[in-house]
$ cat run_17.cif   # mmCIF, C-alpha atoms
data_coords
#
loop_
_atom_site.label_atom_id
_atom_site.label_comp_id
_atom_site.auth_asym_id
_atom_site.auth_seq_id
_atom_site.Cartn_x
_atom_site.Cartn_y
_atom_site.Cartn_z
CA MET A 132 -15.09 -13.37 -43.41
CA THR A 133 -17.79 -15.97 -43.45
CA GLU A 134 -20.64 -16.06 -40.96
CA LEU A 135 -19.08 -19.23 -39.54
CA ALA A 136 -15.77 -17.45 -38.97
CA ALA A 137 -17.56 -14.60 -37.22
CA ARG A 138 -19.20 -17.05 -34.79
CA ARG A 139 -16.06 -18.97 -33.85
CA ARG A 140 -15.24 -18.84 -30.17
CA LEU A 141 -11.71 -17.64 -29.61
CA ASP A 142 -9.86 -16.83 -26.45
CA PRO A 143 -9.56 -13.06 -25.89
CA ASP A 144 -5.92 -12.82 -27.01
CA ALA A 145 -6.62 -14.70 -30.24
CA ARG A 146 -9.70 -12.56 -30.97
CA ARG A 147 -7.74 -9.37 -30.28
CA THR A 148 -4.99 -10.55 -32.63
CA GLU A 149 -7.55 -11.41 -35.30
CA ILE A 150 -9.04 -7.91 -35.10
CA LEU A 151 -5.59 -6.31 -35.21
CA ASP A 152 -4.59 -8.40 -38.24
CA ALA A 153 -7.79 -7.33 -40.02
CA ALA A 154 -7.00 -3.67 -39.27
CA LEU A 155 -3.48 -4.10 -40.63
CA ARG A 156 -4.85 -5.61 -43.84
CA LEU A 157 -7.29 -2.73 -44.36
CA TYR A 158 -4.83 0.02 -43.45
CA ALA A 159 -2.31 -1.57 -45.83
CA GLU A 160 -4.84 -0.93 -48.61
CA ARG A 161 -6.51 2.34 -47.60
CA PRO A 162 -5.70 5.35 -45.42
CA TYR A 163 -7.12 5.61 -41.91
CA GLY A 164 -9.83 8.11 -42.88
CA GLU A 165 -11.19 5.79 -45.58
CA VAL A 166 -11.64 2.81 -43.27
CA SER A 167 -14.84 2.70 -41.21
CA THR A 168 -15.54 0.70 -38.07
CA THR A 169 -18.03 -1.27 -40.16
CA ASP A 170 -15.22 -2.13 -42.60
CA LEU A 171 -12.97 -3.17 -39.71
CA ALA A 172 -15.66 -5.34 -38.11
CA ARG A 173 -16.53 -6.99 -41.41
CA GLU A 174 -12.88 -7.74 -42.22
CA ALA A 175 -12.34 -9.22 -38.74
CA GLY A 176 -15.62 -11.14 -38.84
CA VAL A 177 -16.86 -9.61 -35.59
CA ALA A 178 -19.56 -7.26 -34.38
CA ARG A 179 -18.54 -3.60 -34.15
CA ALA A 180 -19.07 -3.77 -30.41
CA LEU A 181 -16.11 -6.17 -30.17
CA LEU A 182 -13.84 -3.57 -31.73
CA ASN A 183 -14.77 -1.23 -28.90
CA HIS A 184 -14.44 -3.99 -26.33
CA TYR A 185 -10.88 -4.83 -27.34
CA PHE A 186 -9.55 -1.44 -28.45
CA GLY A 187 -11.94 1.22 -27.16
CA THR A 188 -12.08 3.33 -30.31
CA LYS A 189 -11.23 3.16 -33.99
CA ARG A 190 -8.37 5.56 -33.24
CA ALA A 191 -6.95 3.29 -30.54
CA LEU A 192 -7.12 0.33 -32.94
CA TYR A 193 -5.30 2.40 -35.57
CA LEU A 194 -2.55 3.36 -33.12
CA GLU A 195 -2.15 -0.29 -32.13
CA ALA A 196 -1.93 -1.25 -35.81
CA LEU A 197 0.82 1.35 -36.26
CA ARG A 198 2.67 -0.04 -33.25
CA GLU A 199 2.41 -3.53 -34.73
CA LEU A 200 3.71 -2.34 -38.11
CA LEU A 201 6.60 -0.32 -36.74
CA THR A 202 7.81 -2.66 -34.01
CA ILE A 203 10.25 -5.35 -35.03
CA PRO A 204 8.95 -8.53 -33.41
CA GLU A 205 11.38 -9.98 -30.89
CA GLN A 206 11.22 -13.36 -32.62
CA ALA A 207 11.97 -11.85 -36.05
CA ALA A 208 15.11 -10.23 -34.63
CA ALA A 209 16.14 -13.43 -32.86
CA ASP A 210 15.63 -15.55 -36.00
CA LEU A 211 17.78 -13.53 -38.40
CA ALA A 212 19.64 -15.78 -40.80
CA GLY A 213 23.41 -15.85 -41.05
CA HIS A 214 26.38 -15.83 -38.74
CA ARG A 215 28.30 -12.82 -39.99
CA ARG A 216 27.08 -9.36 -39.00
CA GLU A 217 26.76 -8.42 -42.69
CA ASP A 218 24.47 -11.40 -43.36
CA ARG A 219 22.34 -10.66 -40.30
CA ALA A 220 22.10 -6.97 -41.26
CA ALA A 221 20.96 -7.98 -44.77
CA ALA A 222 18.37 -10.34 -43.24
CA ALA A 223 17.10 -7.50 -41.02
CA VAL A 224 16.79 -5.19 -44.04
CA ASP A 225 14.97 -7.94 -45.98
CA TRP A 226 12.51 -8.37 -43.10
CA PHE A 227 11.88 -4.63 -43.10
CA LEU A 228 11.42 -4.38 -46.87
CA ASP A 229 8.99 -7.32 -46.88
CA THR A 230 6.96 -5.69 -44.11
CA VAL A 231 6.87 -2.30 -45.81
CA GLU A 232 5.97 -3.80 -49.17
CA ASP A 233 3.10 -5.80 -47.62
CA ARG A 234 1.75 -2.77 -45.73
CA ARG A 235 2.73 0.04 -48.04
CA THR A 236 -0.20 2.44 -47.48
CA LEU A 237 0.06 2.25 -43.71
CA TRP A 238 3.85 2.66 -43.80
CA LEU A 239 3.60 5.68 -46.07
CA SER A 240 1.02 7.28 -43.80
CA VAL A 241 3.48 7.47 -40.88
CA GLY A 242 6.64 5.50 -41.54
CA ILE A 243 8.50 8.16 -43.46
CA GLY A 244 8.66 10.91 -40.87
CA LEU A 245 6.97 12.96 -38.22
CA SER A 246 3.25 13.10 -38.81
CA GLY A 247 2.46 16.16 -36.72
CA ASP A 248 0.07 14.00 -34.70
CA ALA A 249 1.38 13.69 -31.13
CA GLU A 250 -0.09 10.22 -30.55
CA VAL A 251 1.22 8.85 -33.84
CA ASP A 252 4.63 10.44 -33.29
CA ALA A 253 4.79 8.86 -29.81
CA VAL A 254 4.08 5.42 -31.30
CA VAL A 255 6.81 6.00 -33.91
CA GLU A 256 9.32 7.11 -31.27
CA ASP A 257 8.54 4.18 -28.95
CA SER A 258 8.75 1.75 -31.84
CA ASP A 259 12.09 3.22 -32.92
CA GLU A 260 13.53 2.67 -29.44
CA THR A 261 12.32 -0.92 -29.41
CA ALA A 262 13.75 -1.40 -32.90
CA VAL A 263 17.13 -0.04 -31.77
CA ASP A 264 17.17 -2.57 -28.92
CA ARG A 265 16.23 -5.46 -31.17
CA VAL A 266 18.59 -4.56 -34.02
CA LEU A 267 21.57 -4.19 -31.70
CA THR A 268 20.75 -7.36 -29.79
CA ALA A 269 20.21 -9.33 -33.01
CA LEU A 270 23.58 -8.16 -34.30
CA ASP A 271 25.32 -9.06 -31.01
CA LEU A 272 26.01 -5.47 -30.02
CA ASP A 273 25.47 -3.68 -26.72
CA PRO A 274 21.96 -2.14 -26.68
CA CYS A 275 23.04 0.12 -23.79
CA ASP A 276 25.81 1.82 -25.81
CA GLU A 277 24.23 5.27 -26.29
CA PRO A 278 26.49 6.48 -29.14
CA LEU A 279 25.69 3.25 -31.01
CA ARG A 280 21.97 3.71 -30.29
CA ALA A 281 22.18 7.24 -31.70
CA ARG A 282 23.78 5.94 -34.90
CA VAL A 283 21.02 3.35 -35.34
CA ARG A 284 18.33 6.00 -34.73
CA ALA A 285 20.03 8.14 -37.41
CA PHE A 286 20.00 5.11 -39.70
CA PHE A 287 16.21 4.96 -39.27
CA GLY A 288 16.06 8.42 -40.86
CA MET A 289 17.83 6.97 -43.87
CA VAL A 290 15.39 4.04 -43.86
CA ARG A 291 12.48 6.48 -44.08
CA ALA A 292 14.12 8.49 -46.87
CA ALA A 293 15.04 5.37 -48.85
CA SER A 294 11.47 4.09 -48.45
CA ARG A 295 10.16 7.28 -49.95
CA GLU A 296 12.57 7.03 -52.90
CA TRP A 297 11.42 3.45 -53.53
CA LEU A 298 7.69 3.60 -52.82
CA VAL A 299 6.77 7.18 -53.76
CA ARG A 300 9.29 8.54 -56.23
CA GLY A 301 10.32 5.25 -57.82
CA SER A 302 13.88 6.56 -58.11
CA LEU A 303 15.24 3.43 -56.39
CA ASP A 304 14.03 -0.12 -56.80
CA ARG A 305 13.85 -2.65 -53.98
CA SER A 306 17.26 -4.18 -54.71
CA ALA A 307 18.93 -0.75 -54.69
CA VAL A 308 17.23 0.12 -51.40
CA ARG A 309 18.33 -3.24 -49.95
CA LYS A 310 21.95 -2.64 -50.95
CA LEU A 311 21.94 0.95 -49.70
CA LEU A 312 20.40 0.10 -46.33
CA THR A 313 22.47 -3.02 -45.73
CA THR A 314 25.72 -1.21 -46.54
CA ALA A 315 24.74 1.76 -44.39
CA LEU A 316 23.72 -0.40 -41.42
CA VAL A 317 26.96 -2.39 -41.49
CA THR A 318 28.98 0.82 -41.82
CA ILE A 319 27.34 2.62 -38.92
CA LEU A 320 27.84 -0.39 -36.68
CA GLU A 321 31.59 -0.46 -37.23
CA ASP A 322 33.83 0.97 -34.53
#

$ encode --input "run_17.cif" --output "structure tokens"
Amino acid sequence: MTELAARRRLDPDARRTEILDAALRLYAERPYGEVSTTDLAREAGVARALLNHYFGTKRALYLEALRELLTIPEQAAADLAGHRREDRAAAAVDWFLDTVEDRRTLWLSVGIGLSGDAEVDAVVEDSDETAVDRVLTALDLDPCDEPLRARVRAFFGMVRAASREWLVRGSLDRSAVRKLLTTALVTILED
């Protein structure tokens, strides 16, 4: 960031978002332990004290970045292309794959399973529940149908495994993962 960018006056929500976006960029490139508060402040174009002001600690900023990565934005779910359920499911999978590809390192740090860190696991679980709501709503299904919710949560396990095959093992390419996940999602949503 330039010195000019660092001195811009932004409203608190915009500044908070700018800091969070900077954290997402850095965590997409490097693991949490390799990113310092100095790196975060520099990337956001702010003083380190502003990181603490908006997020409290580096850890809290990291957890918020995870939440941002793992939570399907309401607008993204509402704006899925297509009229048929299959088309909307494919659009949802495309959104996910784009997000994971853009933020690979961060996704791989937590997105493929339980981390063993209670705070991180809580963010993952909360994000999964929000994702279930948004996926079912976007596909015009009842988000209160518990058996359907359970099937979508199980699908997220497949999402994590397919991500690993694509991003870590290289045994599947993006198009194969897209086909697998789209077919699986449509299948689990059938009566």

$ resolve_selection --input "run_17.cif" --expression "the PyMOL selection byres ((chain A and resi 198) around 10)" --output "short mmCIF file (atom, residue, chain, number, x, y, z; two decimals) with C-alpha atoms, keeping the file's coordinate frame"
data_model
loop_
_atom_site.label_atom_id
_atom_site.label_comp_id
_atom_site.auth_asym_id
_atom_site.auth_seq_id
_atom_site.Cartn_x
_atom_site.Cartn_y
_atom_site.Cartn_z
CA LEU A 192 -7.12 0.33 -32.94
CA TYR A 193 -5.30 2.40 -35.57
CA LEU A 194 -2.55 3.36 -33.12
CA GLU A 195 -2.15 -0.29 -32.13
CA ALA A 196 -1.93 -1.25 -35.81
CA LEU A 197 0.82 1.35 -36.26
CA GLU A 199 2.41 -3.53 -34.73
CA LEU A 200 3.71 -2.34 -38.11
CA LEU A 201 6.60 -0.32 -36.74
CA THR A 202 7.81 -2.66 -34.01
CA ILE A 203 10.25 -5.35 -35.03
CA VAL A 251 1.22 8.85 -33.84
CA ALA A 253 4.79 8.86 -29.81
CA VAL A 254 4.08 5.42 -31.30
CA VAL A 255 6.81 6.00 -33.91
CA GLU A 256 9.32 7.11 -31.27
CA ASP A 257 8.54 4.18 -28.95
CA SER A 258 8.75 1.75 -31.84
CA ASP A 259 12.09 3.22 -32.92
#

$ resolve_selection --input "run_17.cif" --expression "the PyMOL selection byres ((chain A and resi 225-231) around 9)" --output "compact mmCIF listing (two decimals) with C-alpha atoms, in the coordinates of the input"
# COMPACT_ATOMS: atom_id res chain seq x y z
CA LEU A 200 3.71 -2.34 -38.11
CA ILE A 203 10.25 -5.35 -35.03
CA ALA A 207 11.97 -11.85 -36.05
CA LEU A 211 17.78 -13.53 -38.40
CA ALA A 220 22.10 -6.97 -41.26
CA ALA A 221 20.96 -7.98 -44.77
CA ALA A 222 18.37 -10.34 -43.24
CA ALA A 223 17.10 -7.50 -41.02
CA VAL A 224 16.79 -5.19 -44.04
CA GLU A 232 5.97 -3.80 -49.17
CA ASP A 233 3.10 -5.80 -47.62
CA ARG A 234 1.75 -2.77 -45.73
CA ARG A 235 2.73 0.04 -48.04
CA THR A 236 -0.20 2.44 -47.48
CA LEU A 237 0.06 2.25 -43.71
CA TRP A 238 3.85 2.66 -43.80
CA LEU A 239 3.60 5.68 -46.07
CA GLY A 242 6.64 5.50 -41.54
CA SER A 294 11.47 4.09 -48.45
CA ARG A 305 13.85 -2.65 -53.98
CA VAL A 308 17.23 0.12 -51.40
CA ARG A 309 18.33 -3.24 -49.95
CA THR A 313 22.47 -3.02 -45.73

$ atom_distance --input "run_17.cif" --atom1 "CA of Val317 (chain A)" --atom2 "CA of Ala281 (chain A)"
14.5 Å

$ atom_distance --input "run_17.cif" --atom1 "CA of Arg147 (chain A)" --atom2 "CA of Asp210 (chain A)"
24.8 Å

$ closest_residue --input "run_17.cif" --among "A:Glu217, A:Glu250, A:Asp273, A:Glu260" --to "Ala315 (chain A)" --atoms "all atoms listed in the file"
A:Glu217

$ atom_distance --input "run_17.cif" --atom1 "CA of Glu149 (chain A)" --atom2 "CA of Val241 (chain A)"
22.6 Å

$ closest_residue --input "run_17.cif" --among "A:Asp142, A:Leu181, A:Ala208, A:Asp152" --to "Leu270 (chain A)" --atoms "only C-alpha atoms"
A:Ala208

$ resolve_selection --input "run_17.cif" --expression "the PyMOL selection byres ((chain A and resi 160-173) around 9)" --output "short mmCIF file (atom, residue, chain, number, x, y, z; two decimals) with C-alpha atoms, in the frame of the given file"
data_model
loop_
_atom_site.label_atom_id
_atom_site.label_comp_id
_atom_site.auth_asym_id
_atom_site.auth_seq_id
_atom_site.Cartn_x
_atom_site.Cartn_y
_atom_site.Cartn_z
CA MET A 132 -15.09 -13.37 -43.41
CA ALA A 137 -17.56 -14.60 -37.22
CA ILE A 150 -9.04 -7.91 -35.10
CA ALA A 153 -7.79 -7.33 -40.02
CA ALA A 154 -7.00 -3.67 -39.27
CA LEU A 155 -3.48 -4.10 -40.63
CA ARG A 156 -4.85 -5.61 -43.84
CA LEU A 157 -7.29 -2.73 -44.36
CA TYR A 158 -4.83 0.02 -43.45
CA ALA A 159 -2.31 -1.57 -45.83
CA GLU A 174 -12.88 -7.74 -42.22
CA ALA A 175 -12.34 -9.22 -38.74
CA GLY A 176 -15.62 -11.14 -38.84
CA VAL A 177 -16.86 -9.61 -35.59
CA ALA A 178 -19.56 -7.26 -34.38
CA ARG A 179 -18.54 -3.60 -34.15
CA ALA A 180 -19.07 -3.77 -30.41
CA LEU A 181 -16.11 -6.17 -30.17
CA LEU A 182 -13.84 -3.57 -31.73
CA THR A 188 -12.08 3.33 -30.31
CA LYS A 189 -11.23 3.16 -33.99
CA ARG A 190 -8.37 5.56 -33.24
CA TYR A 193 -5.30 2.40 -35.57
CA ARG A 234 1.75 -2.77 -45.73
CA ARG A 235 2.73 0.04 -48.04
CA THR A 236 -0.20 2.44 -47.48
CA LEU A 237 0.06 2.25 -43.71
CA SER A 240 1.02 7.28 -43.80
#

$ axis_aligned_box --input "run_17.cif" --around "region 164-168 of chain A" --padding-each-side "6 Å" --output "lines of an AutoDock Vina configuration file"
center_x = -12.7
center_y = 4.4
center_z = -41.8
size_x = 17.7
size_y = 19.4
size_z = 19.5
